[in-house]
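Have a look at the structure below, then the notes.
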Amino acid sequence: MIKGIVIAGTHSGCGKTTVSLGMMAALVRRGLRVAPFKVGPDFIDPGHHSRVAGAPSRNLDGWMLSREYNRRTFLKAAEGADVAVVEGVMGLFDGYDGKTEAGSTAQIAKWLGLPVVLVVDARSMARSAAALVQGFENFDPALRFAGVVFNHLGSHRHLDYLQEALEDAVRMPCLGGILRDEALVIPERHLGLVTPEDHPLDDDGIGRLADRVEGGLGLNKLIAELPEIAGPAPRNAHGSARPAHPVRIGVARDNAFCFYYPDNLELLEGCGSHLVFFSPMQDQGLPPDLDGMVLGGGYPELFADALAANDSMRRQIREQSAAGMPIYAECGGFMYLCDELQDHLGRLFPMAGCFLFKTRMLPRLKALGYREVRLTRDTILGRRSRVIRGHEFHYSELMETPSAEKTVYRIAGRDEGQRPLEGYVSRRTLGSYIHLHFGSAPQAAEALVESCRTYHAERTRSA
């Protein structure tokens, strides 16, 4: 039996990440085991969660993943913990569209039966905060609230004003507040917060977060009043038993390529692969005896100099692609597999050259939103008509429009209009701007591993 809480916000940027990290840090400092989670298709916040909680943070998502998958993932990851802390996404009720709760924090809170702490940005607010909290409290009667936390307070007197305003207006208690402190702010860049690889939280920073939550919130009372979570033991959460002779899949992981859903990697392992991590920036060559490769998203544009300078790595990846090795790449990984990358300053850098496309960085957001992918022909992710869900978020674009015969994805998004074809192929290399979650279609992980197994048989026969 464990306890659990969802940290939600009124909107993006209100401080729910600060409160979530501070609560995790405070609980860990008390000797409690914390299971961290993040609602939505985010890669960066979970990395900070993992650093603070000392345990992998899992993504929960009501649009990409089924209710059963979310519950199974939650119960499996929370097993053995004392408290599960789930950080929400955007505002509490924001999700896939404006009509439904799909993909929202509220949806996940109800699916898991967890109470919600509402974080309110209190800057320049006094009595109006009561109207705001009242609206959130009454919007969905099925949602349970543990209380409200005011962030960015100007002073302790400011909190007194806010508490007075709430007294006769709302049912949920005020759990306290956190004074404005620029030292607690994690830097941001074009895809969100700076990653933990580039801005690791040190022990002093984690301690400050814990101090703010301990000093500003009634944490003892909150934890004591949280209900215990009960659930059946999850059955086979991610994949099956690994075969005796797993295939070897190289996974690019360094500061340039750090966006991976842990579930995706575990599904690949569960389907019969041994993952071997390597750095396209620092390693002079690929790991030996690979049967396939995966290159996740990240920031290749920020490390284009180092990536371009590593001639031997780029050449080896290009040669393996030409030899028919199954290679799957997403967003930043896809950009690296293209021929050239143009950065924000207009400088061109040679990349791996598996695809004869050029990509360029833009000063504005190019694409953002959930995507449903339908395969238009057989690929390393499965047969024609397979449907996989994911998310797209990038500030770059292809400098030319590839012909339709080079694509294998038909995309559906929130808008009803026809979207450009996507999913680019060259032999067994598949690249796309879309981050897929294999939990939406575990058969995709099975297909990728099976493609690697086929390639393994081919290369060992010819050896």
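Identifiers for the structure tokens are assigned positionally: chains receive A, B, ... in sequence, residues are indexed from 1 per chain, and ligands are indexed from 1 in the order shown.
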message = When you look at Pro350 in chain A with a cut-off of 8 Å (counting only C-alpha atoms), what residues show up, excluding the ones that are within fewer than 2 positions of it in the same chain? I need them as a PyMOL selection string.
response = chain A and resi 308+339-341+348+352-353
Keeping only C-alpha atoms, write those residues as a short mmCIF file (atom, residue, chain, number, x, y, z; two decimals), in the first residue's frame.
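The file below, part.cif, is the result:
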```
data_model
loop_
_atom_site.label_atom_id
_atom_site.label_comp_id
_atom_site.auth_asym_id
_atom_site.auth_seq_id
_atom_site.Cartn_x
_atom_site.Cartn_y
_atom_site.Cartn_z
CA ALA A 308 30.03 17.00 -37.41
CA ASP A 339 22.72 15.01 -44.92
CA GLU A 340 23.22 18.46 -43.40
CA LEU A 341 21.94 20.58 -40.50
CA LEU A 348 25.79 24.21 -42.30
CA ALA A 352 25.37 11.13 -41.09
CA GLY A 353 23.88 11.28 -44.59
#
```
message = I want to know what sits within 9 Å of range 428-436 of chain A, based on only C-alpha atoms, with residues of the same chain fewer than 2 positions away left out; could you give that as a PyMOL selection string?
response = chain A and resi 41+64+259-260+264+296-297+321-335+337+354-355+370-373+379-381+388-394+397+408-409+422-426+438-440+451
Using DSSP on the backbone, list every residue of range 293-380 of chain A that comes out as strand (DSSP E or B), and give them as a PDB file with C-alpha atoms, in the first residue's frame.
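This is the output file result-v6.pdb:
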```pdb
ATOM      1  CA  MET A 293      20.060   1.154 -33.844  1.00  0.00           C
ATOM      2  CA  VAL A 294      17.712   3.664 -32.196  1.00  0.00           C
ATOM      3  CA  LEU A 295      18.421   7.404 -32.179  1.00  0.00           C
ATOM      4  CA  GLY A 297      15.346  13.126 -29.952  1.00  0.00           C
ATOM      5  CA  GLY A 298      17.260  15.898 -28.267  1.00  0.00           C
ATOM      6  CA  ILE A 327      17.730   1.986 -37.798  1.00  0.00           C
ATOM      7  CA  TYR A 328      14.900   3.929 -36.163  1.00  0.00           C
ATOM      8  CA  ALA A 329      15.276   7.664 -35.464  1.00  0.00           C
ATOM      9  CA  GLU A 330      12.996  10.360 -34.011  1.00  0.00           C
ATOM     10  CA  GLU A 340      23.223  18.461 -43.399  1.00  0.00           C
ATOM     11  CA  LEU A 341      21.942  20.579 -40.505  1.00  0.00           C
ATOM     12  CA  GLN A 342      21.661  24.359 -40.672  1.00  0.00           C
ATOM     13  CA  LEU A 348      25.794  24.207 -42.302  1.00  0.00           C
ATOM     14  CA  PHE A 349      27.120  21.076 -40.587  1.00  0.00           C
ATOM     15  CA  PRO A 350      27.539  17.649 -42.222  1.00  0.00           C
ATOM     16  CA  LYS A 358      18.855  18.957 -45.243  1.00  0.00           C
ATOM     17  CA  THR A 359      17.247  20.333 -42.074  1.00  0.00           C
ATOM     18  CA  ARG A 360      17.291  23.899 -40.776  1.00  0.00           C
ATOM     19  CA  MET A 361      16.480  25.514 -37.479  1.00  0.00           C
ATOM     20  CA  ALA A 367       5.028  21.814 -35.082  1.00  0.00           C
ATOM     21  CA  LEU A 368       3.424  20.892 -31.764  1.00  0.00           C
ATOM     22  CA  GLY A 369       0.755  18.360 -30.882  1.00  0.00           C
ATOM     23  CA  TYR A 370      -0.383  14.784 -30.622  1.00  0.00           C
ATOM     24  CA  ARG A 371      -0.145  12.640 -33.746  1.00  0.00           C
ATOM     25  CA  GLU A 372      -1.684   9.348 -34.769  1.00  0.00           C
ATOM     26  CA  VAL A 373       0.454   7.471 -37.288  1.00  0.00           C
ATOM     27  CA  ARG A 374      -0.926   4.880 -39.707  1.00  0.00           C
ATOM     28  CA  LEU A 375       1.688   2.920 -41.648  1.00  0.00           C
ATOM     29  CA  THR A 379       8.248  -1.071 -42.257  1.00  0.00           C
TER      30      THR A 379
END
```
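Our summary of the geometry notes that CA of Asp254 in chain A is positioned 12.2 Å from CA of Leu302 in chain A.
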message = So that I can check the surroundings of Met24 in chain A, please list as number ranges by chain every protein, DNA and RNA residue that reaches within 12 Å of it, counting only C-alpha atoms and ignoring chain neighbours fewer than 2 positions away.
response = A: 4-7, 17-22, 26-37, 48-55, 57, 82-87, 206-207, 209-214, 219, 223
Residue subset to file, keeping N, CA and C atoms, as a compact mmCIF listing (two decimals), in the first residue's frame:
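Okay, this is what ended up in part00.txt:
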```txt
# COMPACT_ATOMS: atom_id res chain seq x y z
N GLY A 4 -0.45 8.51 -2.77
CA GLY A 4 -0.14 9.19 -4.02
C GLY A 4 -0.82 10.54 -4.12
N ILE A 5 -0.23 11.43 -4.92
CA ILE A 5 -0.73 12.79 -5.09
C ILE A 5 -0.42 13.25 -6.50
N VAL A 6 -1.30 14.08 -7.04
CA VAL A 6 -1.08 14.71 -8.34
C VAL A 6 -0.85 16.20 -8.11
N ILE A 7 0.23 16.74 -8.67
CA ILE A 7 0.52 18.16 -8.59
C ILE A 7 0.10 18.79 -9.92
N THR A 17 6.27 22.35 -11.62
CA THR A 17 7.52 21.59 -11.60
C THR A 17 8.32 21.90 -10.34
N THR A 18 8.37 23.17 -9.95
CA THR A 18 9.07 23.55 -8.72
C THR A 18 8.45 22.88 -7.51
N VAL A 19 7.12 22.91 -7.42
CA VAL A 19 6.43 22.28 -6.28
C VAL A 19 6.64 20.78 -6.30
N SER A 20 6.54 20.17 -7.48
CA SER A 20 6.72 18.72 -7.58
C SER A 20 8.12 18.30 -7.15
N LEU A 21 9.14 18.98 -7.69
CA LEU A 21 10.51 18.64 -7.33
C LEU A 21 10.79 18.90 -5.86
N GLY A 22 10.25 20.02 -5.34
CA GLY A 22 10.44 20.32 -3.93
C GLY A 22 9.79 19.29 -3.03
N ALA A 26 11.78 16.89 -0.48
CA ALA A 26 11.46 16.88 0.96
C ALA A 26 11.12 15.48 1.45
N LEU A 27 10.39 14.73 0.65
CA LEU A 27 10.02 13.37 1.05
C LEU A 27 11.23 12.46 1.09
N VAL A 28 12.12 12.59 0.11
CA VAL A 28 13.33 11.77 0.09
C VAL A 28 14.20 12.10 1.29
N ARG A 29 14.28 13.39 1.63
CA ARG A 29 15.08 13.79 2.78
C ARG A 29 14.55 13.19 4.07
N ARG A 30 13.27 12.90 4.11
CA ARG A 30 12.68 12.26 5.29
C ARG A 30 12.90 10.75 5.30
N GLY A 31 13.56 10.24 4.26
CA GLY A 31 13.81 8.80 4.21
C GLY A 31 12.73 8.01 3.51
N LEU A 32 11.80 8.69 2.85
CA LEU A 32 10.73 8.00 2.16
C LEU A 32 11.14 7.67 0.72
N ARG A 33 10.61 6.58 0.21
CA ARG A 33 10.86 6.19 -1.17
C ARG A 33 9.79 6.83 -2.05
N VAL A 34 10.22 7.57 -3.05
CA VAL A 34 9.31 8.33 -3.90
C VAL A 34 9.31 7.73 -5.30
N ALA A 35 8.11 7.51 -5.83
CA ALA A 35 7.94 7.08 -7.23
C ALA A 35 7.46 8.28 -8.03
N PRO A 36 8.28 8.83 -8.94
CA PRO A 36 7.88 10.03 -9.69
C PRO A 36 7.21 9.69 -11.02
N PHE A 37 6.29 10.56 -11.44
CA PHE A 37 5.58 10.39 -12.72
C PHE A 37 5.36 11.77 -13.34
N HIS A 48 14.58 15.49 -14.52
CA HIS A 48 14.80 16.18 -13.25
C HIS A 48 14.16 15.40 -12.10
N HIS A 49 12.98 14.82 -12.35
CA HIS A 49 12.35 13.98 -11.32
C HIS A 49 13.30 12.86 -10.89
N SER A 50 13.87 12.18 -11.88
CA SER A 50 14.72 11.03 -11.58
C SER A 50 15.93 11.43 -10.75
N ARG A 51 16.49 12.61 -11.06
CA ARG A 51 17.65 13.09 -10.30
C ARG A 51 17.27 13.33 -8.84
N VAL A 52 16.11 13.91 -8.61
CA VAL A 52 15.71 14.26 -7.24
C VAL A 52 15.22 13.04 -6.47
N ALA A 53 14.39 12.21 -7.13
CA ALA A 53 13.77 11.09 -6.43
C ALA A 53 14.66 9.86 -6.37
N GLY A 54 15.68 9.80 -7.25
CA GLY A 54 16.54 8.63 -7.26
C GLY A 54 15.86 7.41 -7.84
N ALA A 55 14.85 7.64 -8.68
CA ALA A 55 14.12 6.54 -9.32
C ALA A 55 13.63 7.03 -10.68
N SER A 57 11.46 8.26 -13.66
CA SER A 57 10.14 8.89 -13.75
C SER A 57 9.44 8.37 -15.00
N ASP A 82 6.88 4.57 -1.02
CA ASP A 82 6.01 5.07 0.05
C ASP A 82 5.01 6.09 -0.47
N VAL A 83 5.46 6.95 -1.39
CA VAL A 83 4.61 8.01 -1.94
C VAL A 83 4.86 8.12 -3.44
N ALA A 84 3.79 8.18 -4.21
CA ALA A 84 3.88 8.46 -5.64
C ALA A 84 3.53 9.92 -5.87
N VAL A 85 4.40 10.65 -6.58
CA VAL A 85 4.16 12.06 -6.89
C VAL A 85 4.04 12.18 -8.41
N VAL A 86 2.88 12.63 -8.86
CA VAL A 86 2.60 12.75 -10.29
C VAL A 86 2.53 14.23 -10.66
N GLU A 87 3.47 14.69 -11.48
CA GLU A 87 3.39 16.07 -11.96
C GLU A 87 2.50 16.15 -13.19
N ILE A 206 18.84 20.99 -4.81
CA ILE A 206 17.80 20.07 -4.35
C ILE A 206 17.44 20.39 -2.90
N GLY A 207 18.44 20.71 -2.11
CA GLY A 207 18.18 21.08 -0.72
C GLY A 207 17.34 22.33 -0.60
N LEU A 209 15.14 23.41 -2.78
CA LEU A 209 13.77 23.03 -3.15
C LEU A 209 13.05 22.37 -1.98
N ALA A 210 13.75 21.47 -1.31
CA ALA A 210 13.15 20.79 -0.16
C ALA A 210 12.85 21.79 0.96
N ASP A 211 13.75 22.72 1.19
CA ASP A 211 13.55 23.71 2.25
C ASP A 211 12.31 24.57 1.97
N ARG A 212 12.12 24.99 0.71
CA ARG A 212 10.98 25.84 0.38
C ARG A 212 9.67 25.11 0.61
N VAL A 213 9.61 23.85 0.24
CA VAL A 213 8.37 23.09 0.43
C VAL A 213 8.14 22.80 1.91
N GLU A 214 9.20 22.42 2.61
CA GLU A 214 9.06 22.15 4.04
C GLU A 214 8.63 23.41 4.79
N LEU A 219 3.32 19.95 4.99
CA LEU A 219 3.56 18.65 4.35
C LEU A 219 3.16 17.48 5.24
N ILE A 223 0.48 14.68 3.80
CA ILE A 223 0.82 13.27 3.61
C ILE A 223 -0.03 12.38 4.51
```
Pick from A:Asp94, A:Val116, A:Glu266, A:Gln163, whichever lies nearest to Ala129 in chain A using only C-alpha atoms =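 Closest residue, counting only C-alpha atoms: A:Gln163.
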message = Quick one: residues within 8 Å of Asn310 in chain A, only C-alpha atoms, excluding same-chain residues fewer than 6 positions away - as a ChimeraX atom specification?
response = /A:280-282,284
Taking C-alpha atoms for each residue, export the selection above as a tab-separated table (two decimals), in the first residue's frame.
```tsv
chain	number	residue	atom	x	y	z
A	280	PRO	CA	27.51	9.94	-31.40
A	281	MET	CA	29.43	12.94	-30.05
A	282	GLN	CA	32.19	11.29	-28.06
A	284	GLN	CA	34.85	7.20	-32.22
```
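Considering only C-alpha atoms, the residue among A:Gly13, A:Pro56, A:Gly135, A:Gly40 positioned nearest to Pro262 in chain A is A:Pro56.
Of note, CA of Gly176 in chain A and CA of Leu217 in chain A are spaced 4.6 Å apart.
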inquiry  = Please list as an MDAnalysis selection string every residue within 12 Å of Asp289 in chain A, counting only C-alpha atoms and excluding residues in the same chain fewer than 2 positions away.
reply    = chainID A and resid 246:250 274:276 285:287 291:293 320 325 452 455:456 459:460 463
task = Mind the document's chain letters and residue numbers, and return as a ChimeraX atom specification the residues of range 150-392 of chain A that DSSP labels alpha helix (DSSP H).
result = /A:156-166,203-216,219-225,262-270,304-309,311-322,332-337
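Distance annotation: of A:Gly47, A:Gly270, A:Gly80, A:Gly177, the residue with the minimal separation from His152 in chain A is A:Gly177; atom set is only C-alpha atoms.
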query = At what distance in Å, to one decimal, does CA of Tyr395 in chain A lie from CA of Ala412 in chain A?
reply =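 If I compute the distance from CA of Ala412 in chain A to CA of Tyr395 in chain A, I get 19.9 Å.
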ask   = Which is closer to Ile411 in chain A than all the others in A:Arg453, A:Arg315, A:Arg386, A:Arg427, using only C-alpha atoms?
value =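 That would be A:Arg386, the residue with the smallest distance to Ile411 in chain A.
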ask   = Which neighbours of range 98-103 of chain A fall inside 7 Å, counting only C-alpha atoms, when residues of the same chain fewer than 4 positions from it are skipped, and could you give them as a list in words?
value = Gly40, Asp61, Gly62, Trp63, Phe93 and Gln107 of chain A
Please save C-alpha atoms of the selected residues as a tab-separated table (two decimals), in the first residue's frame.
```tsv
chain	number	residue	atom	x	y	z
A	40	GLY	CA	1.97	14.08	-20.96
A	61	ASP	CA	-0.82	9.93	-20.95
A	62	GLY	CA	-4.55	9.54	-21.48
A	63	TRP	CA	-4.46	10.18	-25.22
A	93	PHE	CA	-8.01	20.37	-17.57
A	107	GLN	CA	-8.19	12.44	-16.59
```
message = What's around Thr105 in chain A at 8 Å? Count only C-alpha atoms, leave out sequence neighbours fewer than 5 positions away in its own chain, and write the answer as a list in words.
response =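 In the requested format, the answer is Ala8, Val39, Gly88, Val89, Gly91, Leu92, Phe93, Asp94 and Gly95 of chain A.
Remark: for Trp111 in chain A, the closest of the candidate residues A:Thr10, A:Thr376, A:Ser312, A:Ser66 is A:Ser66 (distances computed over only C-alpha atoms).
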Residue nearest Met1 in chain A - candidates A:Pro227, A:Pro420, A:Gly15, A:Gly346, atoms counted: only C-alpha atoms =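 Closest candidate: A:Pro227.
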